[in-house]
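Student: You'll find input16.txt just under this line, and it carries compact mmCIF, C-alpha atoms and all ligand atoms.
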```txt
# COMPACT_ATOMS: atom_id res chain seq x y z
CA MET A 1 119.67 130.95 72.36
CA PRO A 2 116.86 132.46 74.44
CA THR A 3 116.85 131.38 78.06
CA ARG A 4 114.21 128.77 78.81
CA THR A 5 112.71 128.55 82.29
CA TYR A 6 111.95 125.02 83.51
CA ARG A 7 109.43 124.33 86.23
CA ILE A 8 110.99 121.97 88.72
CA CYS A 9 109.58 119.92 91.60
CA PHE A 10 111.14 117.99 94.44
CA LEU A 11 109.75 114.66 95.59
CA GLY A 12 111.36 113.85 98.93
CA PHE A 13 112.84 116.82 100.75
CA GLY A 14 115.60 115.43 102.95
CA ASN A 15 119.38 115.79 102.81
CA VAL A 16 119.76 115.31 99.06
CA ASN A 17 116.98 117.44 97.62
CA ARG A 18 117.51 120.24 100.17
CA THR A 19 121.17 120.34 99.19
CA LEU A 20 120.23 120.25 95.51
CA LEU A 21 118.01 123.28 96.05
CA ARG A 22 120.93 125.18 97.61
CA LEU A 23 123.22 124.11 94.78
CA LEU A 24 120.70 125.19 92.14
CA GLU A 25 120.52 128.60 93.83
CA GLN A 26 124.31 128.85 93.94
CA LYS A 27 124.59 127.92 90.26
CA ARG A 28 121.65 130.00 89.05
CA GLY A 29 123.87 132.56 87.30
CA GLU A 30 126.12 129.96 85.73
CA LEU A 31 123.21 127.85 84.47
CA ASN A 32 121.77 130.97 82.90
CA GLU A 33 124.96 132.27 81.31
CA ARG A 34 126.50 128.99 80.13
CA TYR A 35 123.43 126.90 79.38
CA ASP A 36 120.62 129.44 78.76
CA LEU A 37 118.75 127.64 81.44
CA ALA A 38 116.59 129.02 84.25
CA TRP A 39 114.33 127.27 86.74
CA GLN A 40 111.35 127.97 88.91
CA LEU A 41 110.34 125.77 91.84
CA THR A 42 106.62 124.95 91.69
CA GLY A 43 106.25 121.94 93.96
CA VAL A 44 107.70 120.08 96.92
CA ALA A 45 106.46 116.84 98.47
CA SER A 46 107.39 114.58 101.33
CA ARG A 47 105.56 112.42 103.87
CA ARG A 48 105.52 115.21 106.47
CA LEU A 49 104.94 118.16 104.11
CA GLY A 50 102.33 116.44 101.92
CA TRP A 51 101.88 117.37 98.24
CA ILE A 52 102.69 121.11 98.06
CA ALA A 53 102.02 122.82 94.73
CA ALA A 54 102.59 126.50 94.02
CA PRO A 55 102.07 127.20 90.31
CA GLN A 56 103.28 130.79 90.80
CA GLY A 57 106.55 129.55 92.24
CA LEU A 58 108.01 128.92 95.66
CA ASP A 59 110.70 131.04 97.20
CA ALA A 60 113.67 128.72 97.51
CA GLU A 61 115.23 130.58 100.44
CA THR A 62 112.10 130.38 102.57
CA ILE A 63 111.47 126.69 102.09
CA ALA A 64 115.07 125.67 102.62
CA ASP A 65 114.88 126.94 106.17
CA GLY A 66 112.34 125.07 108.33
CA TRP A 67 109.38 126.04 106.18
CA LYS A 68 105.74 125.26 107.08
CA PRO A 69 103.46 125.29 104.03
CA GLY A 70 100.03 126.92 104.01
CA SER A 71 97.09 124.52 103.58
CA ALA A 72 95.98 126.28 100.36
CA ASN A 73 98.94 124.73 98.62
CA VAL A 74 98.37 121.15 99.76
CA ARG A 75 97.08 118.68 97.17
CA ASN A 76 95.59 115.25 97.83
CA SER A 77 97.49 113.04 95.44
CA ILE A 78 100.53 112.93 93.22
CA GLU A 79 98.28 113.29 90.18
CA ASP A 80 96.71 116.53 91.52
CA TRP A 81 100.16 117.74 92.56
CA LEU A 82 101.68 117.12 89.12
CA GLY A 83 98.61 118.62 87.45
CA ASP A 84 98.98 121.88 89.40
CA ALA A 85 102.75 122.17 89.77
CA ARG A 86 103.25 121.09 86.11
CA PRO A 87 106.95 120.18 86.42
CA ASP A 88 109.17 119.99 83.37
CA VAL A 89 111.68 118.24 85.62
CA LEU A 90 110.95 116.11 88.69
CA PHE A 91 113.79 115.50 91.15
CA GLU A 92 113.09 112.35 93.15
CA ALA A 93 115.10 111.66 96.33
CA THR A 94 112.88 109.62 98.62
CA SER A 95 114.09 106.86 100.93
CA LEU A 96 115.43 103.60 99.54
CA ASN A 97 113.12 100.61 99.49
CA VAL A 98 115.34 97.61 98.86
CA ALA A 99 112.49 95.11 98.43
CA ASN A 100 110.68 96.64 95.46
CA GLY A 101 111.77 100.27 94.96
CA GLN A 102 108.29 101.56 95.90
CA PRO A 103 106.71 104.06 96.07
CA ALA A 104 109.51 105.75 94.10
CA VAL A 105 108.88 103.56 91.03
CA ASP A 106 105.24 104.72 90.95
CA TYR A 107 106.32 108.35 91.53
CA LEU A 108 108.78 108.25 88.63
CA ARG A 109 106.23 106.56 86.38
CA ALA A 110 103.69 109.26 87.25
CA GLY A 111 106.26 111.99 86.55
CA LEU A 112 107.03 110.57 83.11
CA GLU A 113 103.35 110.04 82.30
CA HIS A 114 102.81 113.68 83.18
CA GLY A 115 105.54 114.63 80.66
CA ALA A 116 108.45 115.55 82.97
CA HIS A 117 112.06 114.45 82.83
CA VAL A 118 112.64 112.41 85.98
CA ILE A 119 115.95 112.66 87.79
CA SER A 120 116.46 110.39 90.74
CA ALA A 121 119.08 109.76 93.42
CA ASN A 122 117.30 106.56 94.37
CA LYS A 123 118.82 103.17 93.48
CA GLY A 124 115.62 101.25 94.26
CA PRO A 125 113.88 102.13 90.98
CA VAL A 126 117.09 101.42 89.02
CA VAL A 127 117.22 97.81 90.17
CA HIS A 128 113.48 97.21 90.12
CA ALA A 129 112.28 99.19 87.10
CA PHE A 130 115.21 100.40 84.97
CA ARG A 131 113.93 98.89 81.72
CA GLU A 132 110.33 99.93 82.25
CA LEU A 133 111.14 103.53 83.21
CA THR A 134 113.72 103.93 80.44
CA ALA A 135 111.23 102.62 77.87
CA LEU A 136 108.50 104.91 79.17
CA ALA A 137 110.86 107.90 79.10
CA GLY A 138 111.71 107.02 75.48
CA GLN A 139 108.03 106.86 74.52
CA LYS A 140 107.43 110.25 76.11
CA GLY A 141 110.54 111.87 74.60
CA LYS A 142 111.89 112.47 78.13
CA ARG A 143 114.83 111.21 80.17
CA TYR A 144 115.06 108.99 83.23
CA LEU A 145 118.51 109.72 84.71
CA PHE A 146 120.02 108.59 88.02
CA GLU A 147 123.72 109.52 88.11
CA ALA A 148 123.51 110.36 91.82
CA ALA A 149 122.35 106.86 92.76
CA VAL A 150 125.83 105.25 92.83
CA MET A 151 129.10 106.85 93.96
CA ASP A 152 127.50 110.10 95.09
CA GLY A 153 127.34 111.88 91.76
CA ALA A 154 130.66 110.80 90.24
CA PRO A 155 130.03 110.16 86.53
CA ILE A 156 129.70 106.37 86.25
CA PHE A 157 126.54 105.75 84.26
CA SER A 158 127.16 108.72 81.98
CA LEU A 159 130.80 107.63 81.53
CA PHE A 160 129.66 104.36 79.96
CA ARG A 161 126.62 105.83 78.20
CA GLU A 162 128.37 108.82 76.66
CA ASN A 163 132.11 108.12 76.62
CA LEU A 164 132.69 104.38 76.37
CA PRO A 165 130.65 103.24 73.38
CA ALA A 166 130.96 99.58 72.36
CA VAL A 167 132.95 98.65 75.44
CA GLU A 168 132.07 95.37 77.12
CA LEU A 169 132.17 95.27 80.89
CA HIS A 170 133.45 91.95 82.26
CA ALA A 171 133.81 92.76 85.96
CA PHE A 172 134.02 95.48 88.58
CA TYR A 173 135.07 95.72 92.20
CA GLY A 174 135.47 98.45 94.79
CA ILE A 175 134.11 100.21 97.85
CA LEU A 176 130.72 101.76 97.26
CA ASN A 177 129.12 102.39 100.65
CA SER A 178 130.24 105.58 102.41
CA THR A 179 128.56 104.86 105.74
CA THR A 180 130.34 101.56 106.42
CA ASN A 181 133.61 103.12 105.28
CA VAL A 182 133.10 106.05 107.70
CA ILE A 183 132.25 103.51 110.44
CA LEU A 184 135.31 101.32 109.80
CA THR A 185 137.59 104.39 109.63
CA GLY A 186 136.14 105.70 112.92
CA VAL A 187 136.49 102.31 114.65
CA GLU A 188 140.12 102.07 113.45
CA GLN A 189 140.66 105.46 115.13
CA GLY A 190 139.25 104.22 118.44
CA LEU A 191 135.55 105.16 118.24
CA SER A 192 132.78 102.61 118.91
CA PHE A 193 130.57 101.37 116.04
CA ARG A 194 127.69 103.47 117.40
CA GLN A 195 129.78 106.67 117.64
CA SER A 196 131.09 106.16 114.11
CA LEU A 197 127.59 105.62 112.76
CA GLY A 198 126.58 108.89 114.46
CA LYS A 199 129.37 110.60 112.53
CA ALA A 200 128.06 109.23 109.20
CA GLN A 201 124.55 110.43 110.10
CA GLU A 202 125.88 113.85 111.08
CA ILE A 203 127.42 114.39 107.64
CA GLY A 204 124.25 113.19 105.92
CA VAL A 205 125.56 110.12 104.08
CA ALA A 206 123.73 107.41 106.07
CA GLU A 207 120.56 105.90 104.64
CA THR A 208 117.26 106.95 106.31
CA ASP A 209 117.38 103.47 107.89
CA PRO A 210 121.12 102.97 108.60
CA SER A 211 120.74 99.19 108.99
CA HIS A 212 120.57 99.21 105.17
CA ASP A 213 124.19 100.39 105.20
CA VAL A 214 125.48 98.24 108.06
CA GLU A 215 123.95 95.02 106.73
CA GLY A 216 125.34 95.63 103.24
CA TRP A 217 121.99 96.22 101.54
CA ASP A 218 122.90 99.70 100.24
CA ALA A 219 126.08 98.30 98.68
CA ALA A 220 124.21 95.26 97.30
CA VAL A 221 121.64 97.53 95.64
CA LYS A 222 124.46 99.61 94.10
CA VAL A 223 126.11 96.45 92.75
CA ALA A 224 122.75 95.31 91.36
CA ALA A 225 122.19 98.75 89.78
CA LEU A 226 125.59 98.71 88.07
CA ILE A 227 125.03 95.17 86.75
CA THR A 228 121.52 96.00 85.57
CA VAL A 229 122.54 99.14 83.69
CA LEU A 230 126.15 98.56 82.65
CA MET A 231 126.12 94.79 82.08
CA GLY A 232 122.63 94.82 80.59
CA GLU A 233 121.14 92.13 82.83
CA PRO A 234 118.31 92.83 85.29
CA PHE A 235 119.80 91.73 88.60
CA PRO A 236 117.79 91.93 91.83
CA PRO A 237 119.79 92.93 94.95
CA GLN A 238 118.71 89.67 96.58
CA ARG A 239 120.95 87.83 94.07
CA VAL A 240 124.05 89.59 95.45
CA GLU A 241 125.80 87.39 98.01
CA ARG A 242 125.73 89.73 101.01
CA GLU A 243 127.38 90.05 104.40
CA GLY A 244 127.46 93.34 106.34
CA ILE A 245 129.99 94.65 108.85
CA GLY A 246 127.79 93.83 111.85
CA SER A 247 129.72 90.66 112.70
CA LEU A 248 133.07 92.51 113.02
CA THR A 249 134.30 93.56 116.45
CA GLY A 250 136.16 96.81 117.19
CA ASP A 251 139.25 94.83 118.19
CA ALA A 252 139.26 92.82 114.97
CA VAL A 253 138.97 96.03 112.89
CA ARG A 254 141.81 97.76 114.78
CA GLN A 255 144.06 94.70 114.70
CA ALA A 256 143.51 94.26 110.96
CA ARG A 257 144.54 97.88 110.33
CA ALA A 258 147.55 97.59 112.63
CA GLY A 259 148.56 94.38 110.81
CA GLY A 260 148.49 96.18 107.45
CA ARG A 261 145.44 94.34 106.06
CA PRO A 262 142.46 96.60 106.94
CA TYR A 263 138.85 95.49 106.67
CA LYS A 264 136.79 97.04 103.87
CA LEU A 265 133.25 96.29 102.73
CA VAL A 266 134.21 95.15 99.23
CA CYS A 267 131.76 94.93 96.32
CA ARG A 268 132.46 92.54 93.45
CA ALA A 269 130.71 91.46 90.25
CA ARG A 270 132.03 89.29 87.44
CA ARG A 271 130.60 87.69 84.32
CA SER A 272 132.02 84.21 83.99
CA ALA A 273 130.89 81.45 81.61
CA GLY A 274 127.88 83.58 80.69
CA ARG A 275 126.75 84.00 84.30
CA ILE A 276 127.12 87.03 86.58
CA ILE A 277 128.22 86.42 90.15
CA ALA A 278 128.20 89.30 92.65
CA SER A 279 129.06 89.79 96.30
CA VAL A 280 129.32 92.39 99.07
CA LYS A 281 131.31 91.37 102.13
CA PRO A 282 133.99 92.51 104.56
CA GLU A 283 137.42 91.58 103.23
CA GLN A 284 140.90 92.25 104.54
CA VAL A 285 142.73 94.02 101.74
CA PRO A 286 146.52 94.21 101.47
CA ALA A 287 148.02 97.61 102.31
CA THR A 288 149.33 97.84 98.73
CA ASP A 289 145.81 97.61 97.29
CA PRO A 290 144.37 101.09 96.45
CA MET A 291 141.22 100.02 98.33
CA ALA A 292 143.23 100.05 101.57
CA GLN A 293 143.74 103.82 101.19
CA ILE A 294 140.02 104.56 100.89
CA SER A 295 138.82 106.12 104.12
CA GLY A 296 135.84 108.13 105.37
CA THR A 297 133.23 108.90 102.71
CA SER A 298 135.64 108.15 99.84
CA SER A 299 134.84 105.41 97.37
CA ILE A 300 136.60 103.56 94.56
CA ILE A 301 135.62 101.35 91.67
CA THR A 302 137.69 99.44 89.12
CA PHE A 303 136.12 98.31 85.88
CA GLU A 304 137.59 95.44 83.84
CA THR A 305 136.53 95.64 80.21
CA ASP A 306 137.42 94.10 76.85
CA ILE A 307 139.31 97.29 75.99
CA PHE A 308 140.59 98.69 79.28
CA PRO A 309 142.08 95.94 81.46
CA ALA A 310 141.43 98.06 84.54
CA LEU A 311 139.87 101.50 84.62
CA THR A 312 139.67 102.92 88.14
CA ILE A 313 137.70 105.86 89.49
CA THR A 314 138.41 107.13 92.98
CA GLU A 315 136.21 109.70 94.63
CA THR A 316 137.83 111.38 97.62
CA ASN A 317 135.69 112.77 100.44
CA PRO A 318 132.42 113.27 98.57
CA GLY A 319 129.46 114.57 100.53
CA VAL A 320 125.84 115.25 99.94
CA TYR A 321 126.84 118.20 97.69
CA THR A 322 128.42 115.81 95.20
CA THR A 323 125.24 113.72 95.19
CA ALA A 324 123.23 116.86 94.55
CA TYR A 325 125.69 117.76 91.79
CA GLY A 326 124.97 114.40 90.10
CA MET A 327 121.32 115.46 89.90
CA LEU A 328 122.17 118.95 88.67
CA ALA A 329 124.38 117.47 85.95
CA ASP A 330 121.51 115.15 84.95
CA PHE A 331 119.22 118.19 84.77
CA ILE A 332 121.54 119.87 82.28
CA ARG A 333 121.92 116.61 80.29
CA ALA A 334 118.18 116.03 80.19
CA VAL A 335 117.14 119.45 78.97
CA ARG A 336 120.05 119.90 76.56
CA THR A 337 119.56 116.54 74.84
CA GLN A 338 116.00 117.52 74.25
CA ALA A 339 116.73 121.04 73.00
N1 LIG A 401 122.51 111.13 101.36
C1 LIG A 401 123.35 110.74 100.43
O1 LIG A 401 124.55 111.04 100.50
C2 LIG A 401 122.85 109.96 99.23
C3 LIG A 401 123.77 109.66 98.22
C4 LIG A 401 123.31 108.99 97.07
C5 LIG A 401 121.98 108.61 96.99
N2 LIG A 401 121.12 108.88 98.03
C6 LIG A 401 119.72 108.46 97.90
O2 LIG A 401 118.89 109.62 97.88
C7 LIG A 401 117.63 109.32 98.48
C8 LIG A 401 117.34 110.36 99.57
O3 LIG A 401 118.40 110.37 100.50
P1 LIG A 401 118.42 111.46 101.68
O4 LIG A 401 119.75 111.33 102.30
O5 LIG A 401 117.94 112.77 101.17
O6 LIG A 401 117.31 110.83 102.65
P2 LIG A 401 116.51 111.60 103.81
O7 LIG A 401 117.26 112.78 104.32
O8 LIG A 401 116.08 110.54 104.77
O9 LIG A 401 115.22 112.15 103.04
C9 LIG A 401 114.26 111.30 102.47
C10 LIG A 401 113.09 112.15 102.04
O10 LIG A 401 112.16 111.30 101.37
C11 LIG A 401 110.88 111.53 101.92
N3 LIG A 401 110.08 110.32 101.79
C12 LIG A 401 110.37 109.08 102.25
N4 LIG A 401 109.40 108.22 101.91
C13 LIG A 401 108.49 108.93 101.21
C14 LIG A 401 107.27 108.62 100.60
N5 LIG A 401 106.77 107.39 100.64
N6 LIG A 401 106.60 109.60 99.95
C15 LIG A 401 107.09 110.86 99.91
N7 LIG A 401 108.25 111.22 100.47
C16 LIG A 401 108.93 110.27 101.13
C17 LIG A 401 111.12 111.91 103.37
O11 LIG A 401 109.98 112.57 103.84
P3 LIG A 401 109.73 112.86 105.41
O12 LIG A 401 110.97 113.54 105.90
O13 LIG A 401 108.57 113.75 105.39
O14 LIG A 401 109.52 111.52 106.03
C18 LIG A 401 112.33 112.81 103.20
O15 LIG A 401 111.93 114.10 102.81
C19 LIG A 401 117.70 107.88 98.99
O16 LIG A 401 117.11 107.03 98.05
C20 LIG A 401 119.20 107.62 99.07
O17 LIG A 401 119.52 106.26 98.85
C21 LIG A 401 121.53 109.56 99.13
```
What is this file in structure tokens?
Tutor:
Amino acid sequence: MPTRTYRICFLGFGNVNRTLLRLLEQKRGELNERYDLAWQLTGVASRRLGWIAAPQGLDAETIADGWKPGSANVRNSIEDWLGDARPDVLFEATSLNVANGQPAVDYLRAGLEHGAHVISANKGPVVHAFRELTALAGQKGKRYLFEAAVMDGAPIFSLFRENLPAVELHAFYGILNSTTNVILTGVEQGLSFRQSLGKAQEIGVAETDPSHDVEGWDAAVKVAALITVLMGEPFPPQRVEREGIGSLTGDAVRQARAGGRPYKLVCRARRSAGRIIASVKPEQVPATDPMAQISGTSSIITFETDIFPALTITETNPGVYTTAYGMLADFIRAVRTQA
């Protein structure tokens, strides 16, 4: 097959999309040789950068390293930006808005209307507009994919979509928020909550506003996203019973670990008598429970289905590269399903 070059654009240019750009560069040869796929970067946008379009292409190396765009490339609106940058694929990784998923929902809608595949690391649009965006993508013959939104790029959504047909999901539980896990692990090792949060921010896994992590909102949105997509019921994050780790003291966390029942921020969802009940809260888990072994940025999820009594996925020490990989994998899926 002849190699096809896709114009790509980044919306949001923080930890995730910058890492994705590096990963795309690293994998350029492999994408070309194995998938007949090439890419050219024609647009980047963020609050600070503005809407930067460069129809002739942007040099990835320059912009990855503290780049300041020239004013000739700045556009006034997303519509002008899309019109000039003409992306075939739009990678969206802007900050999470728990309340309504905006403005990312509008951005993704605009990308699809323009005729691009939209690939997002953002859970907000999944919980607030999954059905609408999926339907719009279908009408346009494009894909709306978001593998990176939950469990940092580990294949969860695609596992069910592509490899578990006709399986009914009854329940799931696990540890889905890296930041609180890094914090609890650090506190167990003698650091303060603040020092441990600094560690999570240093490795790039904390939300732009880390109170989203600490108060359990990030985990609640992930639970809501999994229910919405995998259990087929739109489920706002506000319906998840939620308690963060803010009420725990350092002593309580260290004593719980020393006593063999460490604290974890545990996510749960279950369909029972036709109703879904979901929660995120700190729980002391027995040392024999696999969740007790999950430390740092690692995460774990167990699915209970009509076929598999318990199917568990553990992701050990993921980082922002694995999140970026989730988007890269979606890129390949999107353009190959269409080919
Ligand atoms: N980091 C992870 O490990 C991880 C894992 C899975 C999913 N995610 C999700 O990925 C997304 C991005 O995460 P990140 O770590 O890359 O965050 P980040 O480093 O804080 O970057 C966020 C980017 O979004 C831009 N932005 C925010 N609001 C915007 C708006 N209204 N319009 C245009 N651009 C806007 C910011 O622009 P300025 O810098 O100019 O303000 C920044 O470039 C979030 O939704 C997060 O939940 C992250």
Student: Can you tell me, as a ChimeraX atom specification, what residues are no more than 8 Å from Met327 in chain A when counting only C-alpha atoms, ignoring any on the same chain fewer than 4 positions away?
Tutor: /A:20,91,119-121,146-148,153,323,331
Student: From the options A:Glu30, A:Leu328, A:His170, A:Ser247, which residue's atoms come nearest to Ser272 in chain A, counting only C-alpha atoms?
Tutor: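 Ranking A:Glu30, A:Leu328, A:His170, A:Ser247 by distance to Ser272 in chain A, first place goes to A:His170.
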Student: Kindly give the distance, in Å, that separates CA of Pro237 in chain A and atom C12 of ligand LIG 401 (chain A), rounded to a single decimal.
Tutor: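 Result for CA of Pro237 in chain A versus atom C12 of ligand LIG 401 (chain A): 20.1 Å, one decimal.
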Student: Which is closer to Ile63 in chain A than all the others in A:Pro262, A:Gly43, A:Pro309, A:Pro103, using all atoms listed in the file?
Tutor: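 So, comparing all the options, the nearest one is A:Gly43.
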Student: Report the distance between CA of Glu243 in chain A and CA of Pro282 in chain A in Å, rounded to one decimal place.
Tutor: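 These two atoms are separated by 7.1 Å.
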Student: Tell me which of A:Gly186, A:Pro318, A:Gly115, A:Gly244 sits closest to ligand LIG 401 (chain A), counting all atoms listed in the file.
Tutor: A:Pro318
Student: Step by step, measure atom-to-atom distances between ligand LIG 401 (chain A) and each residue using all atoms listed in the file, keep those at most 6 Å, then write them as an MDAnalysis selection string.
Tutor: chainID A and resid 12:17 46:49 93:96 103 121:122 148:149 152 204:205 207:208 320 323
Student: Do you have the CA of Ala200 in chain A-CA of Arg268 in chain A distance handy?
Tutor: 23.4 Å
Student: Can you work out which one of A:Thr42, A:Gln102, A:Asn97, A:Gln195 has the shortest atom-to-atom distance to Leu82 in chain A, counting all atoms listed in the file?
Tutor: A:Thr42
Student: I'd like to know which of A:Thr314, A:Ala137, A:Glu168, A:Ala116 is closest to Met231 in chain A, using all atoms listed in the file.
Tutor: A:Glu168
Student: I'd like the neighbourhood of Ala38 in chain A as a list in words, where a residue qualifies if any of its atoms comes within 12 Å (using all atoms listed in the file), though same-chain residues fewer than 5 positions away should be ignored.
Tutor: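 The filter keeps Pro2, Thr3, Arg4, Thr5, Tyr6, Arg7, Ile8, Leu24, Glu25, Lys27, Arg28, Gly29, Glu30, Leu31, Asn32, Glu33, Asp88, Val89, Phe331, Ile332 and Val335 of chain A.
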Student: Which residues are close to Lys281 in chain A, i.e. within 7 Å by only C-alpha atoms, leaving aside same-chain residues fewer than 2 positions away? Reply as a list of chain:residue names.
Tutor: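 Those residues are A:Arg242, A:Glu243, A:Gly244, A:Leu265, A:Val266, A:Cys267, A:Ser279, A:Glu283.
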Student: Which one of A:Ser299, A:Thr134, A:Thr316, A:Ser71 sits closest to Ala54 in chain A if you count all atoms listed in the file?
Tutor: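 Checking each of A:Ser299, A:Thr134, A:Thr316, A:Ser71 against Ala54 in chain A, counting all atoms listed in the file, the winner is A:Ser71.
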Student: Env of Gly259 in chain A: 10 Å cut, atoms = all atoms listed in the file, seq-sep filter 5 positions within chain, self excluded. Answer as a PyMOL selection string.
Tutor: chain A and resi 253-254+286-287
Student: As JSON, please: the centre and edge lengths in Å, to one decimal, of an axis-aligned box enclosing every listed atom of range 86-92 of chain A with 6 Å added on each side.
Tutor:
```
{"center_x": 108.5, "center_y": 116.7, "center_z": 88.3, "size_x": 22.5, "size_y": 20.7, "size_z": 21.8}
```
Student: Please provide the set of residues having any atom within 8 Å of Met291 in chain A, restricted to only C-alpha atoms, with same-chain residues fewer than 5 positions apart removed, written as an MDAnalysis selection string.
Tutor: chainID A and resid 174:175 264 285 300
